[in-house]
Amino acid sequence: MKKPKVGIFDFACCEGCQLQLANMGEQVLSLLGSLRVMEWREVMSETWGKKLDIAIVEGSITDPHAVERIQRIRRRASVLIAYGSCATIGGVNGMKNNFVFDEIRKYVYGDSYAFFPTEPTKAVHQVVEVDYFIHGCPVYIPEVVTVLKAALQGIPYYVPDYPVCVECKLNENVCMYDRKVTCLGPVTRAGCNSWCINNGNICYGCRGMVSNPNEKGALDVLAKYGIPTSLVVNKMNMYNKCRELDEP
Amino acid sequence: MEKVVIKDSGYRLKKATILRTKNLTRNEKFFEIALKDGSSLDHEPGQFIMVSLLGIGESPISVCSSPSRRDSFDLCIRAVGKVTRRLHTLKKGDEIGIRGPYGRGFPVNIITGNDLLIIAGGLGIAPLRSLITYVLDNRRDFGKVHILFGCKEPKEMLFSDELEQWSQRTDLHYACTVDRADPEWAGNVGVITTLIPGVDIEPLRTFAAVVGPPVMYTFVIKELLKKGIPKRQILLSFERNMACGNGKCGHCQIQNLYVCQDGPVFNYEQIKNLSEAF
Amino acid sequence: MKKKDLKIRVEYLTRVEGHGNIVIDVAQGKLETCRLEIVESPRFFEGMLRGRSIFEAQHITSRICGICACGHSLASIQAAEDALGIVPTKQTILLRKLLLHLELLDSHLLHIYLLVAPDLLGVKSFVPLLEGNEDVVRRALRMKKTCNDLCDILVGRHVHPISAIVGGFTKLPRPKDLDAMLDLLAGLRDDMEEATIALKPYFTFPAFERDTEYVGLVSDDGEYPLLTGDVGSTDGVRMTKKEYRNVTNEFVVPHSSAKHSKLSRESYAVGALARFNLNADKLHVRAQHVAAEIGLVPKCINPYMNTAAQLVECVHCLEDAIAIVETLKANPLNYDEEIVVGLNEQRKIPVRAGSGVGAVEVPRGILFHHYEIDDNGIITDANCVIPTNQNTGNIEYDLMKLVPEILDRKDDEIVLAVEMLVRAYDPCISCSAHCLKVDIKR
Amino acid sequence: MEDTQYVVLKKDRFEEFIAALSSMQKLVAPVAKGFGAYAFEEVTSADPIALNYIPTILPLKKYFMPQRETLLEFTLDRRSHAEAVVEYEPLTIFGAHTCDLAGIQCLNMVFSERPKDYNYLLRKGTITLIGLECNDYCDEYASCHLVHASFPSGGYDLLFTDLGDYFMVHINTVSGDRIVRTAGLCEGAGSAHMNELRSLRDRKRTVFRNEVPIKTKLIPELFDAVFGARVWDNLNERCLACGNCTNVCPTCYCFNIKDELDLTLARGIRYRVWDSCQLEPFARVAGGINFRKERSARQRHRYYRKFRYPVDRFARFFCTGCGRCTRACMADISLKETLSELIKESEERVWKKWL
Ligand SMILES: Cc1cc2nc3c(=O)[nH]c(=O)nc-3n(C[C@H](O)[C@H](O)[C@H](O)COP(=O)(O)OP(=O)(O)OC[C@H]3O[C@@H](n4cnc5c(N)ncnc54)[C@H](O)[C@@H]3O)c2cc1C
Ligand code: SF4
Ligand code: SF4
Ligand code: SF4
């Protein structure tokens with residue numbers, strides 16, 4: 001089997017998901033053993049610019065320049081993997097869509113705001129077609145490995161379409177609701193092995209919502225704690241604001 | 001952690017070899033398969049097997065050939081996901097794993113000696129082909145045989161050469177229809193239920209065998225009941241999500257019945273009150 | 001000397017975090033333009049923070065940068081606690097120091113090995129190193145992973161730490177976790193020793209010098225200040241962190257989505273070299289040893305030596321991390337301090353209106369977070385000043401001095417020297433473009 | 001009078017007994033996790049064991065059918081080869097409440113039914129089960145009496161009953177007997193002991209009452225009448241479909257099967273993982289049809305799998321009354337309340353018919 005050619009690209013993001021690859025340690029070498037990395041700006045000076053078998057794309061699409069760039073990448077990649085929440089669901093960059101753009105640009109850049117064009121944050125699949133989704137802020141390495149293997153095998157990867165609670169229970173964590181704190185686990189799709197709750201914190205919903213969340217039920221549960229609705233909505237939208245741009 | 005090999009495990013695979021493949025339509029492919037150890041599958045018409053691709057997964061697939069052919073069996077597979085798409089890339093000589101056969105097929109012992117009304121919608125022809133070929137192999141054991149077949153478009157028609165042959169036979173009655181015609185289509189147009197009133201049957205000695213997409217059942221059953229076929233003689237095969245085939249994993253349950261063990265073929269009397277069935 | 005024309009365009013500068021371009025125009029031997037452009041798409045973090053609970057600030061600002069997520073978290077927590085009037089416990093402070101050490105180690109190792117080493121070994125990236133120098137790459141990845149595993153134990157993960165929050169930690173290491181950390185740190189020490197020996201011969205940096213002002217945390221105790229202290233400079237400035245705006249004096253330049261800073265001179269530098277220049281005497285003895293061996297002496301004004309200072313800091317952080325874990329082992333942790341706050345639904349943390357500043361030495365230099373909150377704990381104003389922003393001006397002045405000095409070289413050598421200079425600062429462009437805010441003067 | 005099936009373990013020897021148990025093979029017991037939650041975890045001394053505990057977060061099924069369990073191991077080179085395996089670790093469980101013992105009895109029936117599941121059965125053969133009787137209700141969520149699980153009825157090797165300064169130990173199997181002998185810490189039970197046990201049981205009979213206003217034997221009939229009840233629609237509104245109620249249930253055993261390759265892509269395993277009928281994809285098939293799309297249908301299915309379907313198949317309820325599903329539900333869906341509502345609604349119907 002010829003080793004597939006892979007490119008790693010980044011858009012608006014923190015590059016933490018790319019870093020997760022380095023965090024695999026020597027394991028990354030076995031992975032790299034079955035592919036040929038042609039482009040990876042963060043750690044490589046080499047460029048390639050031709051056909052790729054797999055493009056791994058990190059980050060959200062936030063300006064006109066990025067739209068063109070992602071379209072070019074799509075055209076030369078047979079398989080495109082949206083990598084990390086910024087890419088798969090817009091992630092934290094989506095919070096920008098809560099604001100009036102000129103206002104937020106002025107707030108950040110003052111009178112020079114005109115230098116900094118911006119448009120609504122979009123997830124990658126809201127601009128070009130995506131073949132595989134690796135959710136998470138940051139991505140969860142075991143899932144990365146699973147998806148890359150699926151991509152190499154040429155079979156689909158189905159993102160778990162059930163909530164984080166499933167994994168949380170299997171890890172026998174004390175439920176955050178028993179600790180009287182609100183947790184987004186019940187509406188967030190699993191796959192991270194309930195990473196945050198295992199470490200004593202709540203789930204912030206970084207992997208996006210399950211396909212058919214009981215949003216009303218969840219809001220009811222959240223609202224029980226007497227937090228202003230705006231904050232509850234903020235909480236649900238921290239990662240999931242771009243969901244509004246998805247076709248129903 | 002200790003580990004032992006289990007000989008009797010319900011998850012053990014039998015090796016099988018693909019003898020022949022044929023593309024039936026854009027999405028459906030035909031496979032003739034033999035067990036590697038030369039033994040016979042020994043299935044009943046309407047039973048299914050778990051087809052296994054190591055490293056990818058398993059899928060329940062109906063056997064679509066007659067049990068009277070003992071040295072090999074046929075599958076007809078629609079490419080929809082992981083296992084089935086990969087199966088479509090396999091060729092003659094490739095190896096797969098199988099488990100089974102599983103479940104209860106069409107009760108041939110009970111049907112024998114009676115008339116048959118076979119109603120197939122789309123891919124439903126696959127399990128029914130097993131019954132039809134069995135009946136044709138033992139034609140003298142059965143009374144009148146009607147075959148009604150419907151699909152969405154002419155180009156989705158499976159086993160068209162065989163359908164053509166059946167339509168030529170004088171010892172059975174064959175009719176087919178499509179939901180949407182194309183320019184070359186000269187036959188019936190309309191849903192399959194439109195064919196039922198036209199068949200001439202003696203309801204009390206007729207068994208109806210129905211397999212098709214879920215939406216089809218309610219309408220077809222209504223027509224069959226109108227014809228006066230007893231509920232016990234209406235046989236339906238169900239498709240559900242399935243992981244184990246051993247009546248444990250829970251995915252295929254229709255209320256208190258397990259499709260993989262109690263089915264996939266049920267008579268209407270058994271399930272008429274089960275609202276999850278329809 | 002022949003009068004030379006030269007146009008350097010390094011687009012999408014590689015082996016740095018984030019997107020930046022270098023633009024240099026020389027006409028007739030005269031430098032006309034010299035810019036480091038930050039082209040990263042702005043992410044408007046400070047804007048997005050407004051209207052959110054102060055208890056979410058750390059979670060959000062951590063996402064400014066995956067490389068120094070722990071650093072952003074710590075600065076953010078410090079600012080939030082300052083605003084809320086929370087005084088962290090001793091145990092919490094110790095654990096945060098440990099976290100910061102791991103952060104510096106992790107980031108410096110990544111920079112030295114994956115980003116700078118290829119330059120020193122004369123290859124394009126770490127990929128060609130796999131042939132012939134596989135053991136180097138393996139060691140680097142192993143060390144990187146060890147840092148990551150240490151963070152996993154301490155805060156759940158390195159990229160966007162989970163358990164470090166306003167008020168303390170949601171999960172505290174158990175005795176067996178401390179043992180595991182000590183094991184990992186011991187392994188890291190072995191690798192580090194080998195690494196220093198292996199790297200030393202390659203640590204020959206271009207002889208380029210430019211005197212500038214170095215800014216970083218300073219303190220009066222004996223500790224190498226990373227988490228706490230005042231802001232000081234080699235030009236003798238000393239201010240409290242609350243006065244940070246008088247240090248950074250940010251201004252917008254049109255060619256960059258990052259803002260520039262200046263203090264006593266036209267520009268200043270922050271980072272490992274700045275810290276070394278300010279506090280070298282407070283480093284762990286082992287680190288001082290390494291510094292002596294590679295010839296790093298304060299005040300060093302060769303910006304390329306920032307990488308050397310990073311190596312020295314690695315040794316310091318490792319040794320101090322071991323000391324901290326041993327202290328933690330000797331004095332059992334108080335697990336009652338484990339908290340979970342969420343949106344503070346239990347009102348466990350009293351909320352008040354206020355203003356808070358965090359100033360933390362993260363791998364690339366001093367990082368400021370500043371929040372204003374109302375009496376419901378809602379953020380009304382946020383400002384983050386990132387090390388790379390503070391450095392960009394200085395980098396441009398360095399380039400302006402460097403380019404004329406090396407004009408007689410071949411073009412690709414010039415480009416490499418220029419790129420290496422920029423890389424030496426370990427610029428984190430993703431950060432710098434994410435977090436800027438202009439003071440609107442009215 | 002002496003009963004050879006009973007022995008006595010003085011509390012001051014408990015520590016030693018636990019040490020002895022843990023020296024024989026891996027020992028697990030209920031341990032406090034804080035916030036009123038408990039879990040079965042490995043112990044090596046009596047110290048961390050919670051003798052007074054409410055049902056653990058996960059039930060004992062986690063040892064009998066692990067969350068992730070290898071079924072096949074295979075290689076993918078030219079001559080691909082697969083072998084069915086079972087992995088197990090001999091284990092002693094100390095401190096199982098009667099509800100959890102009932103849960104294991106349910107699972108035993110399921111996995112012994114043909115076609116037998118040897119992964120379960122082989123592993124079960126390596127587990128020693130020591131029960132611990134509840135002298136009182138654990139909390140208000142329990143409904144063990146309704147389903148006859150508040151008193152011991154077999155399914156264990158040894159059963160401990162706390163009688164003040166000693167435990168009464170019932171020896172139920174040969175391997176239980178072997179443990180008692182090997183540990184050598186128990187004494188014979190005298191008639192005074194037997195009397196104390198009897199009076200404890202008498203007292204329990206006054207404490208434990210049907211927690212829901214229905215006669216146990218009428219439950220199947222109730223469920224025959226309420227398939228279309230409004231109660232299910234109400235659950236549809238509230239349920240978040242998080243699967244907590246089934247994952248924590250001692251008698252929920254649904255699973256899924258998956259394949260996984262190692263990084264070389266040349267070797268792999270087929271394994272099963274817990275699944276839940278409450279989750280969106282559970283009954284979804286190719287083509288996108290979901291046979292239980294509505295949360296109401298999924299919740300109803302759960303209740304019927306506890307109180308109706310197994311009555312036909314195994315002649316018992318698959319609810320042990322442990323109360324876990326209620327404790328685990330953040331939408332506060334309560335088993336006892338649902339049952340009461342169903343009873344109310346069915347009565348309404350009966351009344352309507354009458355009027
Ligand atoms: C008794 C019985 C007999 C059958 N007989 C036949 C037969 O003769 N021929 C035949 O072709 N089929 C038959 N089927 C159907 C066949 O079993 C399924 O089509 C097959 O299992 C699909 O498997 P797969 O691995 O290819 O698809 P999968 O990869 O499982 O995917 C199937 C579909 O579901 C979607 N999907 C699956 N999981 C997810 C998820 N988590 N999230 C989102 N989408 C998801 C996919 O997009 C895809 O469309 C039969 C089924 C039964 C129960
Ligand atoms: S998803 Fe999160 S970790 Fe990944 S790049 Fe985006 S902000 Fe960073
Ligand atoms: S802690 Fe969160 S994820 Fe875990 S069970 Fe509770 S709600 Fe679900
Ligand atoms: S627990 Fe929630 S926030 Fe944490 S990694 Fe998982 S999905 Fe993301």
# chains A, B, ... in the order shown; residues from 1 in each chain; ligands from 1

$ residues_near_ligand --ligand "ligand 3" --cutoff "8 Å" --atoms "only C-alpha atoms and all ligand atoms" --output "list in words"
Pro163, Val164, Cys165, Val166, Glu167, Cys168, Lys169, Asn173, Val174, Cys175, Met176, Tyr177, Asp178, Thr182, Cys183, Leu184, Gly185, Pro186, Ser194, Ile197, Ile202 and Cys203 of chain A; Cys242, Asn244, Ala328 and Met330 of chain D

$ select_by_dssp --residues "stretch 81-220 of chain D" --states "helix (DSSP H, G or I)" --output "JSON, numbers by chain"
{"D": [98, 99, 100, 101, 102, 103, 104, 105, 106, 107, 108, 109, 110, 111, 112, 118, 119, 120, 121, 122, 123, 124, 174, 175, 176, 177, 178, 179, 180, 181, 182, 183, 191, 192, 193, 194, 195, 196, 197, 198, 199, 200, 201, 202, 203, 204, 205, 206, 207, 216, 217, 218, 219, 220]}

$ residues_around --residues "D:Cys239" --least-positions-apart "2" --cutoff "9 Å" --atoms "only C-alpha atoms" --output "ChimeraX atom specification"
/A:214,217-218 /D:234-237,241-242,295-296,299,329-333

$ closest_atom_pairs --of "chain C" --to "ligand 2" --cutoff "7 Å" --atoms "only C-alpha atoms and all ligand atoms" --output "tab-separated table"
residue	atom	partner	partner_atom_place_in_ligand_line	distance
C:Arg63	CA	ligand 2	7 (S)	4.6
C:Ile64	CA	ligand 2	7 (S)	6.8
C:Cys65	CA	ligand 2	8 (Fe)	6.6
C:Gly66	CA	ligand 2	8 (Fe)	5.4
C:Val159	CA	ligand 2	3 (S)	6.6
C:His160	CA	ligand 2	3 (S)	7.0

$ write_last_selection --atoms "C-alpha atoms" --output "PDB file, in the first residue's frame"
ATOM      1  CA  ARG C  63      -8.212  28.938  24.162  1.00  0.00           C
ATOM      2  CA  ILE C  64      -6.195  31.955  23.060  1.00  0.00           C
ATOM      3  CA  CYS C  65      -3.215  29.697  22.682  1.00  0.00           C
ATOM      4  CA  GLY C  66      -2.841  25.956  22.881  1.00  0.00           C
ATOM      5  CA  VAL C 159      -3.640  21.829  26.262  1.00  0.00           C
ATOM      6  CA  HIS C 160      -6.404  23.682  28.104  1.00  0.00           C
TER       7      HIS C 160
END

$ residues_near_ligand --ligand "ligand 4" --cutoff "8 Å" --atoms "only C-alpha atoms and all ligand atoms" --output "VMD selection string"
(chain A and resid 136 to 140 164 184 to 185 188 to 197 202 to 208) or (chain C and resid 162)

$ residues_near_ligand --ligand "ligand 1" --cutoff "7 Å" --atoms "only C-alpha atoms and all ligand atoms" --output "PyMOL selection string"
(chain A and resi 156+158-161) or (chain B and resi 48+57-64+75-85+123+126-127+238-242+260+264) or (chain D and resi 281+285-288)

$ atom_distance --atom1 "atom CA of C:Gly365" --atom2 "atom CA of C:Asn246"
16.9 Å

$ closest_residue --among "B:Arg69, B:Gly263, B:Glu184, B:Gly250" --to "D:Gln278" --atoms "only C-alpha atoms"
B:Gly250

$ closest_atom_pairs --of "chain A" --to "chain B" --cutoff "9 Å" --atoms "only C-alpha atoms" --output "CSV"
residue,atom,partner,partner_atom,distance
A:Ala150,CA,B:Ile56,CA,8.8
A:Gln153,CA,B:Ile56,CA,8.6
A:Gly154,CA,B:Arg86,CA,8.4
A:Ile155,CA,B:Lys82,CA,5.5
A:Pro156,CA,B:Lys82,CA,6.0
A:Tyr157,CA,B:Lys82,CA,8.4

$ atom_distance --atom1 "atom CA of C:Leu109" --atom2 "atom CA of C:Arg138"
12.6 Å

$ atom_distance --atom1 "atom CA of D:Leu197" --atom2 "atom CA of D:Val8"
11.1 Å

$ residues_around --residues "A:Tyr239" --least-positions-apart "3" --cutoff "12 Å" --atoms "only C-alpha atoms" --output "PyMOL selection string"
(chain A and resi 60+84-98+121-123+135-138+184+188+203-209+233-236+242-244) or (chain C and resi 59-60+63)

$ closest_residue --among "D:Arg114, D:Lys336, D:Arg300, D:Arg327" --to "chain A" --atoms "only C-alpha atoms"
D:Arg327

$ closest_residue --among "C:Val231, C:Leu185, C:Ala417, C:Leu120" --to "C:Leu150" --atoms "only C-alpha atoms"
C:Leu185

$ residues_around --residues "B:Tyr11" --least-positions-apart "5" --cutoff "8 Å" --atoms "only C-alpha atoms" --output "ChimeraX atom specification"
/B:99,244 /D:71-72,84

$ write_last_selection --atoms "all heavy atoms" --output "CSV table (one decimal), in the first residue's frame"
chain,number,residue,atom,x,y,z
B,99,ARG,N,-21.1,-15.8,10.8
B,99,ARG,CA,-21.7,-16.5,11.9
B,99,ARG,C,-23.1,-16.8,11.5
B,99,ARG,O,-23.7,-16.0,10.8
B,99,ARG,CB,-21.8,-15.7,13.2
B,99,ARG,CG,-20.5,-15.0,13.7
B,99,ARG,CD,-20.7,-14.5,15.1
B,99,ARG,NE,-21.1,-13.1,15.2
B,99,ARG,CZ,-22.1,-12.6,15.9
B,99,ARG,NH1,-22.9,-13.5,16.6
B,99,ARG,NH2,-22.3,-11.3,16.0
B,244,CYS,N,-25.6,-8.5,18.0
B,244,CYS,CA,-25.1,-9.8,18.4
B,244,CYS,C,-25.7,-11.0,17.7
B,244,CYS,O,-25.0,-12.0,17.5
B,244,CYS,CB,-25.2,-10.0,19.9
B,244,CYS,SG,-26.9,-10.3,20.5
D,71,LEU,N,-14.1,-9.9,22.6
D,71,LEU,CA,-14.8,-11.1,22.2
D,71,LEU,C,-13.9,-11.9,21.2
D,71,LEU,O,-13.9,-13.1,21.2
D,71,LEU,CB,-16.1,-10.7,21.5
D,71,LEU,CG,-17.1,-9.9,22.3
D,71,LEU,CD1,-18.3,-9.5,21.4
D,71,LEU,CD2,-17.6,-10.7,23.4
D,72,LEU,N,-13.2,-11.2,20.4
D,72,LEU,CA,-12.4,-11.9,19.4
D,72,LEU,C,-11.0,-11.2,19.3
D,72,LEU,O,-10.9,-10.0,19.5
D,72,LEU,CB,-13.0,-11.7,18.0
D,72,LEU,CG,-14.1,-12.5,17.5
D,72,LEU,CD1,-14.3,-12.1,16.0
D,72,LEU,CD2,-13.9,-14.0,17.6
D,84,ALA,N,-11.9,-16.6,19.3
D,84,ALA,CA,-12.9,-16.1,20.3
D,84,ALA,C,-12.2,-16.3,21.7
D,84,ALA,O,-11.8,-17.4,22.0
D,84,ALA,CB,-14.2,-16.8,20.2

$ residues_around --residues "D:Arg313" --least-positions-apart "4" --cutoff "10 Å" --atoms "only C-alpha atoms" --output "list in words"
Asn256 and Leu257 of chain B; Met109, Val110, Glu113, Arg308, Tyr309 and Phe317 of chain D

$ write_last_selection --atoms "N, CA, C and O atoms" --output "CSV table (one decimal), in the first residue's frame"
chain,number,residue,atom,x,y,z
B,256,ASN,N,-41.5,-7.3,23.4
B,256,ASN,CA,-40.8,-8.4,24.0
B,256,ASN,C,-40.2,-9.4,23.1
B,256,ASN,O,-39.7,-10.5,23.5
B,257,LEU,N,-40.2,-9.1,21.8
B,257,LEU,CA,-39.6,-10.1,20.8
B,257,LEU,C,-38.3,-9.6,20.4
B,257,LEU,O,-38.0,-8.4,20.2
D,109,MET,N,-29.6,-15.4,34.4
D,109,MET,CA,-30.7,-16.0,33.6
D,109,MET,C,-30.5,-15.6,32.1
D,109,MET,O,-30.6,-16.4,31.2
D,110,VAL,N,-30.3,-14.3,31.9
D,110,VAL,CA,-30.2,-13.8,30.5
D,110,VAL,C,-29.0,-14.5,29.8
D,110,VAL,O,-29.2,-15.0,28.7
D,113,GLU,N,-29.5,-18.3,29.1
D,113,GLU,CA,-30.5,-18.7,28.1
D,113,GLU,C,-29.8,-19.0,26.8
D,113,GLU,O,-28.8,-18.3,26.4
D,308,ARG,N,-42.4,-5.8,32.5
D,308,ARG,CA,-43.3,-6.6,31.7
D,308,ARG,C,-42.7,-7.7,30.9
D,308,ARG,O,-43.0,-8.9,31.1
D,309,TYR,N,-41.8,-7.3,30.0
D,309,TYR,CA,-41.2,-8.3,29.1
D,309,TYR,C,-40.5,-9.5,29.8
D,309,TYR,O,-40.7,-10.6,29.4
D,317,PHE,N,-39.3,-10.0,37.7
D,317,PHE,CA,-39.0,-8.6,37.3
D,317,PHE,C,-37.6,-8.4,37.1
D,317,PHE,O,-36.7,-8.9,37.8

$ closest_atom_pairs --of "chain D" --to "chain B" --cutoff "7 Å" --atoms "only C-alpha atoms" --output "CSV"
residue,atom,partner,partner_atom,distance
D:Leu71,CA,B:Tyr11,CA,6.7
D:Glu83,CA,B:Val5,CA,6.8
D:Ala84,CA,B:Arg12,CA,5.4
D:Val85,CA,B:Val5,CA,4.2
D:Val86,CA,B:Val4,CA,5.6
D:Glu87,CA,B:Lys3,CA,4.3
D:Tyr88,CA,B:Glu2,CA,5.3
D:Glu89,CA,B:Met1,CA,4.9
D:Pro115,CA,B:Asn246,CA,6.1
D:Asp117,CA,B:Gly10,CA,6.7
D:Tyr118,CA,B:Ser9,CA,5.9
D:Cys254,CA,B:Cys249,CA,4.5
D:Phe255,CA,B:Cys249,CA,4.9
D:Asn256,CA,B:Ala243,CA,5.7
D:Ile257,CA,B:Ala243,CA,5.9
D:Lys258,CA,B:Gly57,CA,6.2
D:Asp259,CA,B:Gly55,CA,5.1
D:Glu260,CA,B:Gly55,CA,5.7
D:Leu261,CA,B:Gly55,CA,5.8
D:Gly268,CA,B:Gly55,CA,6.3
D:Phe282,CA,B:His251,CA,6.3
D:Ala283,CA,B:Asn241,CA,5.6
D:Arg284,CA,B:Asn241,CA,6.2
D:Val285,CA,B:Asn241,CA,5.2
D:Ala286,CA,B:Val80,CA,6.5
D:Tyr309,CA,B:Asn256,CA,5.0

$ closest_atom_pairs --of "chain C" --to "chain D" --cutoff "12 Å" --atoms "only C-alpha atoms" --output "tab-separated table"
residue	atom	partner	partner_atom	distance
C:Tyr335	CA	D:Gly34	CA	11.3
C:Asp336	CA	D:Gly34	CA	10.8
C:Glu338	CA	D:Gly34	CA	11.4

$ write_last_selection --atoms "N, CA and C atoms" --output "PDB file, in the first residue's frame"
ATOM      1  N   TYR C 335      -7.224  17.761  50.987  1.00  0.00           N
ATOM      2  CA  TYR C 335      -8.153  17.483  49.891  1.00  0.00           C
ATOM      3  C   TYR C 335      -9.482  18.216  50.045  1.00  0.00           C
ATOM      4  N   ASP C 336      -9.700  18.799  51.216  1.00  0.00           N
ATOM      5  CA  ASP C 336     -10.917  19.601  51.368  1.00  0.00           C
ATOM      6  C   ASP C 336     -10.873  20.828  50.480  1.00  0.00           C
ATOM      7  N   GLU C 338     -10.386  20.783  47.383  1.00  0.00           N
ATOM      8  CA  GLU C 338     -10.924  20.491  46.049  1.00  0.00           C
ATOM      9  C   GLU C 338     -12.267  21.183  45.894  1.00  0.00           C
TER      10      GLU C 338
END

$ closest_residue --among "A:Leu231, A:Val124, A:Ile70, A:Leu31" --to "chain D" --atoms "only C-alpha atoms"
A:Leu31
